[in-house]
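The next block is query_3.txt, given as compact mmCIF, C-alpha atoms and all ligand atoms.
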```txt
# COMPACT_ATOMS: atom_id res chain seq x y z
CA MET J 137 -2.39 21.26 11.09
CA PHE J 138 -3.11 18.58 13.69
CA THR J 139 -4.56 15.34 12.30
CA GLN J 140 -7.37 13.95 14.46
CA ARG J 141 -7.58 10.20 14.83
CA LEU J 142 -11.27 9.22 15.08
CA ILE J 143 -11.34 5.70 16.52
CA LEU J 144 -14.37 3.62 15.54
CA THR J 145 -15.54 0.70 17.63
CA GLY J 146 -17.76 -1.02 15.08
CA ASP J 147 -20.83 -0.10 17.12
CA GLU J 148 -23.03 2.05 14.89
CA ARG J 149 -24.55 4.04 17.75
CA HIS J 150 -21.14 5.07 19.08
CA ASP J 151 -19.55 5.56 15.69
CA GLU J 152 -22.28 7.74 14.18
CA PRO J 153 -21.07 11.05 15.74
CA LEU J 154 -17.52 10.42 14.46
CA ILE J 155 -18.79 9.66 10.95
CA GLN J 156 -20.85 12.88 11.11
CA GLN J 157 -17.78 14.81 12.18
CA ALA J 158 -15.76 13.38 9.28
CA ALA J 159 -18.62 14.07 6.84
CA ALA J 160 -18.73 17.70 7.99
CA ILE J 161 -15.00 18.02 7.19
CA ILE J 162 -15.60 16.60 3.68
CA ARG J 163 -18.54 18.96 3.07
CA ALA J 164 -16.40 21.92 4.20
CA GLY J 165 -13.76 21.08 1.56
CA GLY J 166 -11.36 19.27 3.92
CA LEU J 167 -9.52 15.96 3.71
CA VAL J 168 -10.41 12.77 5.59
CA ALA J 169 -8.61 9.43 5.40
CA PHE J 170 -10.88 6.39 5.79
CA PRO J 171 -10.79 2.59 5.55
CA THR J 172 -12.20 0.74 2.55
CA GLU J 173 -12.25 -3.04 2.08
CA THR J 174 -9.00 -2.70 0.06
CA VAL J 175 -6.70 -0.02 1.56
CA TYR J 176 -7.15 3.33 3.33
CA GLY J 177 -8.21 6.19 1.04
CA LEU J 178 -7.59 9.93 1.25
CA GLY J 179 -10.92 11.58 0.49
CA ALA J 180 -12.35 14.93 -0.53
CA ASP J 181 -15.59 16.16 -2.11
CA ALA J 182 -15.39 15.08 -5.77
CA LEU J 183 -17.61 18.00 -6.83
CA ASN J 184 -15.30 20.61 -5.26
CA PRO J 185 -12.18 21.28 -7.37
CA GLU J 186 -10.39 23.15 -4.57
CA ALA J 187 -10.87 20.24 -2.18
CA ALA J 188 -9.72 17.74 -4.80
CA ARG J 189 -6.64 19.86 -5.47
CA ARG J 190 -5.68 19.53 -1.81
CA ILE J 191 -5.45 15.73 -2.21
CA PHE J 192 -2.68 16.15 -4.77
CA LEU J 193 -0.78 18.53 -2.47
CA ALA J 194 -1.11 16.28 0.59
CA LYS J 195 0.08 13.19 -1.30
CA GLY J 196 2.73 14.87 -3.40
CA ARG J 197 0.88 13.37 -6.35
CA PRO J 198 1.37 14.79 -9.86
CA ALA J 199 -1.71 16.63 -11.19
CA TRP J 200 -1.87 14.40 -14.31
CA ASP J 201 -2.72 11.30 -12.24
CA PRO J 202 -6.55 11.03 -11.93
CA LEU J 203 -8.48 9.98 -8.80
CA ILE J 204 -11.13 7.31 -8.21
CA VAL J 205 -14.60 8.61 -7.32
CA HIS J 206 -16.28 6.62 -4.53
CA VAL J 207 -20.08 6.48 -4.51
CA ALA J 208 -22.71 4.72 -2.39
CA GLU J 209 -24.94 3.01 -4.96
CA PRO J 210 -25.46 2.16 -8.65
CA ALA J 211 -27.75 5.18 -9.20
CA ASP J 212 -24.77 7.42 -8.37
CA ILE J 213 -22.69 5.72 -11.07
CA HIS J 214 -25.38 6.73 -13.55
CA ARG J 215 -25.39 10.24 -12.12
CA TYR J 216 -21.67 10.82 -12.78
CA THR J 217 -20.98 8.69 -15.87
CA ARG J 218 -22.68 7.88 -19.18
CA ASP J 219 -22.87 5.30 -22.01
CA HIS J 220 -23.84 2.23 -20.02
CA SER J 221 -23.91 -1.01 -21.98
CA THR J 222 -25.53 -4.20 -20.66
CA LEU J 223 -22.02 -5.46 -19.88
CA ILE J 224 -21.54 -2.56 -17.50
CA GLU J 225 -24.87 -3.24 -15.81
CA LYS J 226 -23.83 -6.88 -15.35
CA LEU J 227 -20.55 -5.86 -13.76
CA ILE J 228 -22.30 -3.46 -11.41
CA ARG J 229 -24.82 -6.13 -10.38
CA THR J 230 -22.17 -8.80 -9.87
CA PHE J 231 -19.29 -7.00 -8.19
CA MET J 232 -20.63 -3.84 -6.57
CA PRO J 233 -20.27 -2.94 -3.81
CA GLY J 234 -16.78 -4.41 -3.87
CA PRO J 235 -13.18 -3.97 -5.05
CA LEU J 236 -13.89 -3.22 -8.73
CA THR J 237 -13.34 0.22 -10.31
CA LEU J 238 -14.79 1.01 -13.73
CA VAL J 239 -13.41 3.67 -16.07
CA LEU J 240 -16.37 5.24 -17.93
CA PRO J 241 -17.12 8.42 -19.91
CA LYS J 242 -17.72 11.17 -17.34
CA ARG J 243 -20.48 13.70 -16.94
CA GLU J 244 -19.81 17.45 -16.58
CA VAL J 245 -20.29 17.69 -12.79
CA ILE J 246 -17.13 15.73 -12.07
CA SER J 247 -14.31 18.23 -11.79
CA ASP J 248 -11.41 18.20 -14.27
CA VAL J 249 -9.09 18.24 -11.28
CA VAL J 250 -10.38 14.79 -10.27
CA THR J 251 -10.02 13.28 -13.75
CA ALA J 252 -6.80 15.14 -14.59
CA GLY J 253 -8.59 16.67 -17.56
CA ARG J 254 -9.73 13.33 -19.01
CA GLU J 255 -13.08 12.61 -20.61
CA THR J 256 -13.37 9.49 -18.46
CA VAL J 257 -13.75 8.97 -14.71
CA ALA J 258 -12.90 5.96 -12.55
CA VAL J 259 -15.79 5.04 -10.18
CA ARG J 260 -16.34 2.43 -7.54
CA ILE J 261 -18.80 1.49 -4.78
CA PRO J 262 -16.72 0.40 -1.79
CA ARG J 263 -18.05 -2.37 0.45
CA HIS J 264 -16.56 -1.29 3.80
CA PRO J 265 -19.35 -0.02 6.12
CA VAL J 266 -17.30 2.98 7.30
CA VAL J 267 -16.71 4.54 3.89
CA HIS J 268 -20.26 3.66 2.91
CA ALA J 269 -21.59 5.57 5.93
CA LEU J 270 -19.19 8.44 5.23
CA ILE J 271 -20.38 8.86 1.62
CA ARG J 272 -24.04 8.79 2.69
CA SER J 273 -23.48 11.18 5.55
CA SER J 274 -21.53 13.70 3.45
CA GLY J 275 -24.07 13.54 0.64
CA VAL J 276 -21.39 13.95 -2.04
CA PRO J 277 -19.26 11.54 -4.11
CA ILE J 278 -15.80 11.21 -2.56
CA ALA J 279 -12.67 11.41 -4.70
CA ALA J 280 -9.90 9.38 -3.12
CA PRO J 281 -6.56 7.83 -3.98
CA SER J 282 -4.83 5.50 -1.54
CA ALA J 283 -3.80 7.47 1.58
CA ASN J 284 -0.03 7.16 1.16
CA LYS J 285 2.61 9.60 -0.05
CA PHE J 286 3.01 9.26 -3.81
CA GLY J 287 4.99 6.14 -4.75
CA ARG J 288 4.92 4.55 -1.26
CA PRO J 289 3.26 1.26 -0.24
CA SER J 290 -0.50 1.74 0.24
CA PRO J 291 -1.72 2.05 3.85
CA THR J 292 -3.68 -0.81 5.36
CA THR J 293 -3.90 0.69 8.89
CA ALA J 294 -4.51 4.18 10.30
CA ASP J 295 -0.92 4.12 11.62
CA HIS J 296 0.36 3.76 8.06
CA VAL J 297 -1.74 6.76 7.05
CA LEU J 298 -0.33 8.85 9.89
CA GLN J 299 3.26 7.78 9.05
CA ASP J 300 2.83 9.34 5.60
CA LEU J 301 0.25 12.11 6.08
CA HIS J 302 0.28 13.33 9.67
CA GLY J 303 -0.38 17.07 9.63
CA ALA J 304 -1.53 17.01 6.00
CA VAL J 305 -5.13 15.84 6.55
CA GLU J 306 -7.83 16.98 8.99
CA ALA J 307 -8.78 13.51 10.24
CA VAL J 308 -8.34 9.78 9.84
CA LEU J 309 -11.18 7.38 10.61
CA ASP J 310 -9.51 4.42 12.31
CA ALA J 311 -11.34 1.10 11.99
CA GLY J 312 -8.31 -1.21 12.19
CA ALA J 313 -6.61 -3.11 9.37
CA THR J 314 -8.35 -3.25 6.00
CA PRO J 315 -9.61 -6.75 5.09
CA MET J 316 -8.20 -7.16 1.56
CA GLY J 317 -4.90 -5.29 1.69
CA VAL J 318 -4.51 -4.70 -2.06
CA GLU J 319 -6.37 -2.10 -4.13
CA SER J 320 -9.37 -2.52 -6.38
CA THR J 321 -9.19 -3.98 -9.87
CA ILE J 322 -9.40 -1.19 -12.49
CA LEU J 323 -11.24 -2.03 -15.70
CA ASP J 324 -11.42 0.45 -18.59
CA MET J 325 -14.86 -0.02 -20.17
CA THR J 326 -14.21 2.54 -22.92
CA THR J 327 -12.09 0.09 -24.96
CA GLN J 328 -13.20 -2.93 -27.00
CA PRO J 329 -12.61 -5.44 -25.40
CA PRO J 330 -12.40 -3.82 -21.93
CA THR J 331 -8.83 -3.31 -20.67
CA LEU J 332 -7.68 -4.45 -17.24
CA LEU J 333 -5.55 -1.48 -16.17
CA ARG J 334 -4.68 -2.79 -12.71
CA PRO J 335 -5.22 -6.29 -11.27
CA GLY J 336 -6.78 -6.15 -7.79
CA GLY J 337 -9.40 -7.46 -5.42
CA VAL J 338 -11.67 -8.91 -8.15
CA SER J 339 -9.77 -11.42 -10.32
CA ARG J 340 -9.49 -11.32 -14.10
CA GLU J 341 -11.01 -14.82 -14.18
CA ALA J 342 -14.10 -13.69 -12.23
CA ILE J 343 -14.60 -10.72 -14.58
CA GLU J 344 -14.16 -12.83 -17.71
CA ALA J 345 -16.74 -15.31 -16.42
CA ILE J 346 -19.28 -12.46 -16.54
CA ILE J 347 -18.35 -10.38 -19.61
CA GLY J 348 -15.98 -12.51 -21.70
CA ARG J 349 -12.41 -11.69 -22.70
CA VAL J 350 -10.66 -8.66 -21.28
CA ARG J 351 -7.36 -7.31 -22.53
CA MET J 352 -4.40 -6.95 -20.20
CA LEU J 353 -2.59 -3.62 -20.10
CA ASP J 354 0.71 -5.13 -21.31
CA GLU J 355 -1.07 -6.38 -24.43
CA THR J 356 -1.96 -2.72 -25.04
CA PHE J 357 1.70 -1.77 -24.67
CA LEU J 358 2.63 -4.36 -27.26
CA GLU J 359 0.26 -2.73 -29.70
CA GLY J 360 2.09 0.57 -29.17
CA VAL J 361 -0.94 2.44 -27.81
CA PRO J 362 -0.07 5.16 -25.25
CA LEU J 363 -0.41 4.29 -21.55
CA PRO J 364 -4.14 4.70 -20.71
CA ALA J 365 -3.68 4.94 -16.90
CA PRO J 366 -1.05 7.58 -16.30
CA GLY J 367 -0.70 6.65 -12.64
CA LEU J 368 0.19 3.06 -13.29
CA SER J 369 3.86 3.90 -13.62
CA ALA J 370 6.43 1.14 -13.41
CA ARG J 371 7.83 2.13 -9.99
CA HIS J 372 5.21 2.39 -7.23
CA TYR J 373 4.29 0.91 -3.85
CA ALA J 374 7.99 1.05 -2.90
CA PRO J 375 9.41 1.02 0.64
CA ASN J 376 12.71 2.77 1.40
CA ALA J 377 14.64 -0.40 0.67
CA LYS J 378 15.57 -2.30 -2.47
CA VAL J 379 12.98 -5.01 -3.18
CA LEU J 380 14.44 -8.21 -4.66
CA LEU J 381 12.08 -10.84 -6.07
CA CYS J 382 12.88 -14.54 -6.28
CA ASP J 383 11.33 -17.70 -7.70
CA PRO J 384 8.61 -19.03 -5.40
CA GLN J 385 10.56 -22.04 -4.11
CA PRO J 386 12.03 -22.37 -0.59
CA GLU J 387 15.50 -23.20 -2.00
CA ALA J 388 15.55 -20.14 -4.27
CA PHE J 389 14.38 -17.94 -1.37
CA TYR J 390 17.18 -19.27 0.84
CA ASP J 391 19.87 -18.82 -1.84
CA VAL J 392 18.80 -15.27 -2.70
CA LEU J 393 18.80 -14.35 1.01
CA VAL J 394 22.36 -15.69 1.41
CA HIS J 395 23.50 -13.73 -1.64
CA THR J 396 21.69 -10.54 -0.52
CA LEU J 397 23.28 -10.76 2.94
CA SER J 398 26.67 -10.70 1.19
CA CYS J 399 25.72 -7.41 -0.57
CA TYR J 400 23.73 -5.42 2.05
CA ALA J 401 24.30 -4.75 5.78
CA PHE J 402 20.68 -5.40 6.86
CA VAL J 403 18.30 -7.59 4.91
CA GLY J 404 14.56 -8.20 5.30
CA ALA J 405 12.69 -11.39 4.40
CA MET J 406 8.99 -11.61 3.48
CA ARG J 407 8.84 -15.18 4.74
CA PRO J 408 6.15 -17.69 3.78
CA ASN J 409 5.29 -20.00 6.73
CA GLY J 410 8.00 -22.53 7.44
CA TRP J 411 10.43 -21.54 4.66
CA GLN J 412 14.01 -21.93 5.85
CA LEU J 413 16.17 -18.88 6.62
CA PRO J 414 19.95 -18.47 6.71
CA ASP J 415 21.33 -17.85 10.18
CA SER J 416 22.35 -14.18 10.42
CA LYS J 417 22.07 -11.40 13.01
CA ARG J 418 21.65 -8.97 10.09
CA LEU J 419 18.43 -10.62 8.90
CA ARG J 420 14.99 -9.17 9.81
CA VAL J 421 11.93 -11.32 9.20
CA PHE J 422 8.26 -10.62 8.50
CA GLU J 423 6.15 -13.75 8.95
CA TRP J 424 4.01 -13.29 5.86
CA GLY J 425 1.58 -16.26 5.81
CA ALA J 426 1.08 -19.66 4.16
CA TRP J 427 2.30 -19.72 0.55
CA GLY J 428 -0.77 -20.18 -1.67
CA ASP J 429 -3.12 -18.50 0.82
CA TRP J 430 -3.35 -15.43 -1.39
CA GLN J 431 -6.01 -13.70 0.71
CA THR J 432 -3.75 -13.64 3.75
CA LEU J 433 -0.66 -12.79 1.70
CA ALA J 434 -2.50 -9.90 0.00
CA GLN J 435 -3.87 -8.63 3.31
CA ARG J 436 -0.36 -8.59 4.86
CA LEU J 437 1.70 -7.48 1.84
CA PHE J 438 1.99 -3.71 2.39
CA ARG J 439 2.08 -4.18 6.17
CA GLY J 440 5.12 -6.44 5.71
CA LEU J 441 6.96 -4.06 3.39
CA ARG J 442 6.37 -1.16 5.81
CA ALA J 443 7.33 -3.26 8.88
CA LEU J 444 10.64 -4.35 7.35
CA GLU J 445 11.34 -0.81 6.19
CA SER J 446 10.82 0.49 9.74
CA MET J 447 13.37 -2.09 10.99
CA GLY J 448 15.93 -0.27 8.84
CA VAL J 449 16.75 -2.96 6.27
CA HIS J 450 18.51 -1.99 3.03
CA ALA J 451 17.01 -4.77 0.92
CA ILE J 452 13.90 -6.95 1.12
CA VAL J 453 13.75 -10.43 -0.41
CA CYS J 454 10.33 -11.70 -1.44
CA PRO J 455 9.08 -14.69 -3.48
CA LEU J 456 6.97 -13.73 -6.52
CA PRO J 457 3.38 -15.13 -6.69
CA PRO J 458 1.98 -16.61 -9.93
CA GLU J 459 -0.14 -14.85 -12.58
CA GLU J 460 -3.57 -16.07 -11.46
CA GLY J 461 -6.50 -14.92 -9.34
CA LEU J 462 -5.65 -12.67 -6.42
CA ALA J 463 -1.97 -13.74 -6.68
CA LEU J 464 -1.75 -11.59 -9.83
CA ALA J 465 -2.53 -8.44 -7.82
CA ILE J 466 0.21 -9.26 -5.27
CA ARG J 467 2.62 -10.01 -8.09
CA ASP J 468 1.82 -6.70 -9.81
CA ARG J 469 2.44 -4.65 -6.63
CA LEU J 470 5.71 -6.46 -5.92
CA GLN J 471 6.99 -5.98 -9.46
CA ARG J 472 6.30 -2.24 -9.23
CA ALA J 473 7.89 -2.05 -5.75
CA ALA J 474 10.98 -3.80 -7.15
CA HIS J 475 11.27 -1.61 -10.25
CA ASP J 476 14.24 0.80 -10.38
O1 LIG C 1 -8.83 0.15 -3.83
C1 LIG C 1 -8.64 1.24 -4.38
O2 LIG C 1 -8.85 1.40 -5.59
C2 LIG C 1 -8.13 2.39 -3.48
C3 LIG C 1 -9.21 2.74 -2.48
C4 LIG C 1 -8.84 3.92 -1.64
O3 LIG C 1 -10.41 2.92 -3.15
N1 LIG C 1 -7.80 3.54 -4.30
C5 LIG C 1 -6.70 3.60 -5.10
O4 LIG C 1 -6.52 4.82 -5.72
O5 LIG C 1 -5.92 2.68 -5.23
P1 LIG C 1 -5.14 5.28 -6.42
O6 LIG C 1 -5.35 6.69 -6.79
O7 LIG C 1 -4.03 4.96 -5.51
O8 LIG C 1 -5.09 4.42 -7.72
C6 LIG C 1 -6.05 4.67 -8.74
C7 LIG C 1 -5.49 4.44 -10.11
C8 LIG C 1 -4.40 5.44 -10.47
O9 LIG C 1 -3.29 4.72 -10.95
C9 LIG C 1 -5.02 6.28 -11.58
O10 LIG C 1 -4.08 6.65 -12.57
C10 LIG C 1 -6.06 5.34 -12.15
O11 LIG C 1 -6.54 4.65 -11.03
N2 LIG C 1 -7.17 6.12 -12.73
C11 LIG C 1 -7.99 6.97 -12.10
N3 LIG C 1 -8.85 7.56 -12.97
C12 LIG C 1 -8.57 7.04 -14.19
C13 LIG C 1 -9.10 7.23 -15.50
N4 LIG C 1 -10.10 8.09 -15.75
N5 LIG C 1 -8.55 6.53 -16.51
C14 LIG C 1 -7.56 5.65 -16.27
N6 LIG C 1 -7.00 5.44 -15.06
C15 LIG C 1 -7.49 6.11 -14.03
MG MG C 2 -2.25 4.43 -4.84
```
Could you spell out this file's structure in C-alpha cells?
Amino acid sequence: MFTQRLILTGDERHDEPLIQQAAAIIRAGGLVAFPTETVYGLGADALNPEAARRIFLAKGRPAWDPLIVHVAEPADIHRYTRDHSTLIEKLIRTFMPGPLTLVLPKREVISDVVTAGRETVAVRIPRHPVVHALIRSSGVPIAAPSANKFGRPSPTTADHVLQDLHGAVEAVLDAGATPMGVESTILDMTTQPPTLLRPGGVSREAIEAIIGRVRMLDETFLEGVPLPAPGLSARHYAPNAKVLLCDPQPEAFYDVLVHTLSCYAFVGAMRPNGWQLPDSKRLRVFEWGAWGDWQTLAQRLFRGLRALESMGVHAIVCPLPPEEGLALAIRDRLQRAAHD
C-alpha cells in the first residue's frame, strides 16, 4: 500500500477537500493518521470492528491494549458512555475540548475490539481543528492510539508517522508539528476517588482544583490492585538507544555524559539551554529548550529522542523533570523510555 501525505495549509477553503478525502477513507473502513493537539493519532471508525482491528495490525499493538475514542462534542460522550456524575460534567465543561481522556462505562455500540473486551471506554474531545473537522466530516467516532509502532516514541510530526507506518496506513494528514508534544492525561472515573492512569497535557493540580483528590496509579499498585490500564506498561516511548536519566543539575548532566562516553561509542544529549557539554567528537546534541519551560520541553521531547536516534547514538542522556504540573508528564515518558 502507498501512504498518501495530505498536506494542509491551515486555510479552511483549501483544506476542506483533503479532510473530505480522509473522512471518506475512515468511512470506508480505512486508516488515517492525523494531528491532534497532543501527538499524531492513527484513526479508524470506532463503530467498525474490522477497521479497528486494522489499527492493531498496523501498529503491532497487542489486542489486549484498548484504544481511545475521539469525538467532536459532549453530546457524543453521552452517546457512547453512561453513568455521568456531576463531577464528570464539570470535567467535560472545564477541560474539553482538550488533552483530557476520561475512562467511563461504555455503551453497546462501541466495539469490543476498541475496548479490548472491557466494560469501560476511554473518550476524549481533541482540540486540534484538523481532527475536529475529520470527526465531523466522517460522521463517526474515531478510535485512535498514537500513530507510532508499538513501544516507540509518539509521533509529533507527519514525518515521524511515516518513519513508523509508511505503507501501513492509507493517508496521513500533515499539519506540521503538534503543539503539546505529550499525550492526553487519562483519568479513570470508574474508581472512587478517580485514578490518574497517565499524566499528560492537563495537570493533576488542575484536575484536583475542579474535582478534589485523585489517586495516582502507583498508589493503586501499592494497594495490590491489578493494573487498570493494560497499555501503560513500564517500557514504552523508547528510541533504539539506551536512555539514561540524571539529576536535573548541570553538573550531574556533565558528569553522566562523561561517564556514558566512556561506556558507549556514540552518545546523545538532550541538552537544556546553556548546560555545559564535555568536548567529544562522539557526542550528538539535541538543543532541547530552557530548563523549567515545560511547555517547550514537552513539545520537543519525542522529536529530540527520535532525532538523536536517527543520528545513530547508542545511549541518550537526559535530565529528569520534577513531579509537578506538565513536568510530571515529561518525567513519566522518560522513565518509561529508560525502563529495561
Ligand atoms: O493524546 C492522546 O491521548 C493520543 C492522541 C492520539 O489522542 N492518544 C494516545 O493513545 O496516546 P494511546 O493508545 O497511545 O494511549 C492510550 C492509553 C493506552 O495506554 C491504553 O491502555 C489506555 O489509554 N486505555 C484506553 N482505553 C482504556 C480503558 N478503557 N481503560 C483503561 N485504559 C485505557
Ligand atoms: Mg501510545
Within 6 Å of region 439-446 of chain J using all atoms listed in the file, minus same-chain residues under 3 positions, as a ChimeraX atom specification: /J:404,422,436,449
Which residues of region 300-326 of chain J come within 6 Å of region 141-164 of chain J, and what is each one's closest atom pair and distance in Å (one decimal), counting all atoms listed in the file, sorted by chain and residue number, as CSV?
```
residue,atom,partner,partner_atom,distance
J:Ala307,CA,J:Arg141,CA,5.8
J:Val308,CA,J:Arg141,CA,5.1
J:Leu309,CA,J:Leu142,CA,4.8
J:Asp310,CA,J:Ile143,CA,4.8
J:Ala311,CA,J:Leu144,CA,5.3
```
Residue among J:Cys399, J:Leu464, J:Ala313, J:Ala182 lying closest to Asp248 (chain J), counting all atoms listed in the file: J:Ala182
Given the point (-7.5, -11.2, -2.5) in the coordinates of this file, which residues lie within 7 Å, counting all atoms listed in the file, and how would they look as a PDB file with C-alpha atoms, in the coordinates of the input?
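Wrote out_32.pdb, looks like this:
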```pdb
ATOM      1  CA  MET J 316      -8.200  -7.160   1.560  1.00  0.00           C
ATOM      2  CA  GLY J 337      -9.400  -7.460  -5.420  1.00  0.00           C
ATOM      3  CA  TRP J 430      -3.350 -15.430  -1.390  1.00  0.00           C
ATOM      4  CA  GLN J 431      -6.010 -13.700   0.710  1.00  0.00           C
ATOM      5  CA  ALA J 434      -2.500  -9.900   0.000  1.00  0.00           C
ATOM      6  CA  LEU J 462      -5.650 -12.670  -6.420  1.00  0.00           C
TER       7      LEU J 462
END
```
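When only C-alpha atoms and all ligand atoms are used to measure the gap to ligand LIG 1 (chain C), the shortest distance among J:Lys417, J:His206, J:Lys226, J:Arg272 belongs to J:His206.
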Residue among J:Thr432, J:Asn184, J:Gln385, J:Thr230 lying closest to Ala345 (chain J), counting only C-alpha atoms: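 Smallest separation from Ala345 (chain J) among the options: J:Thr230.
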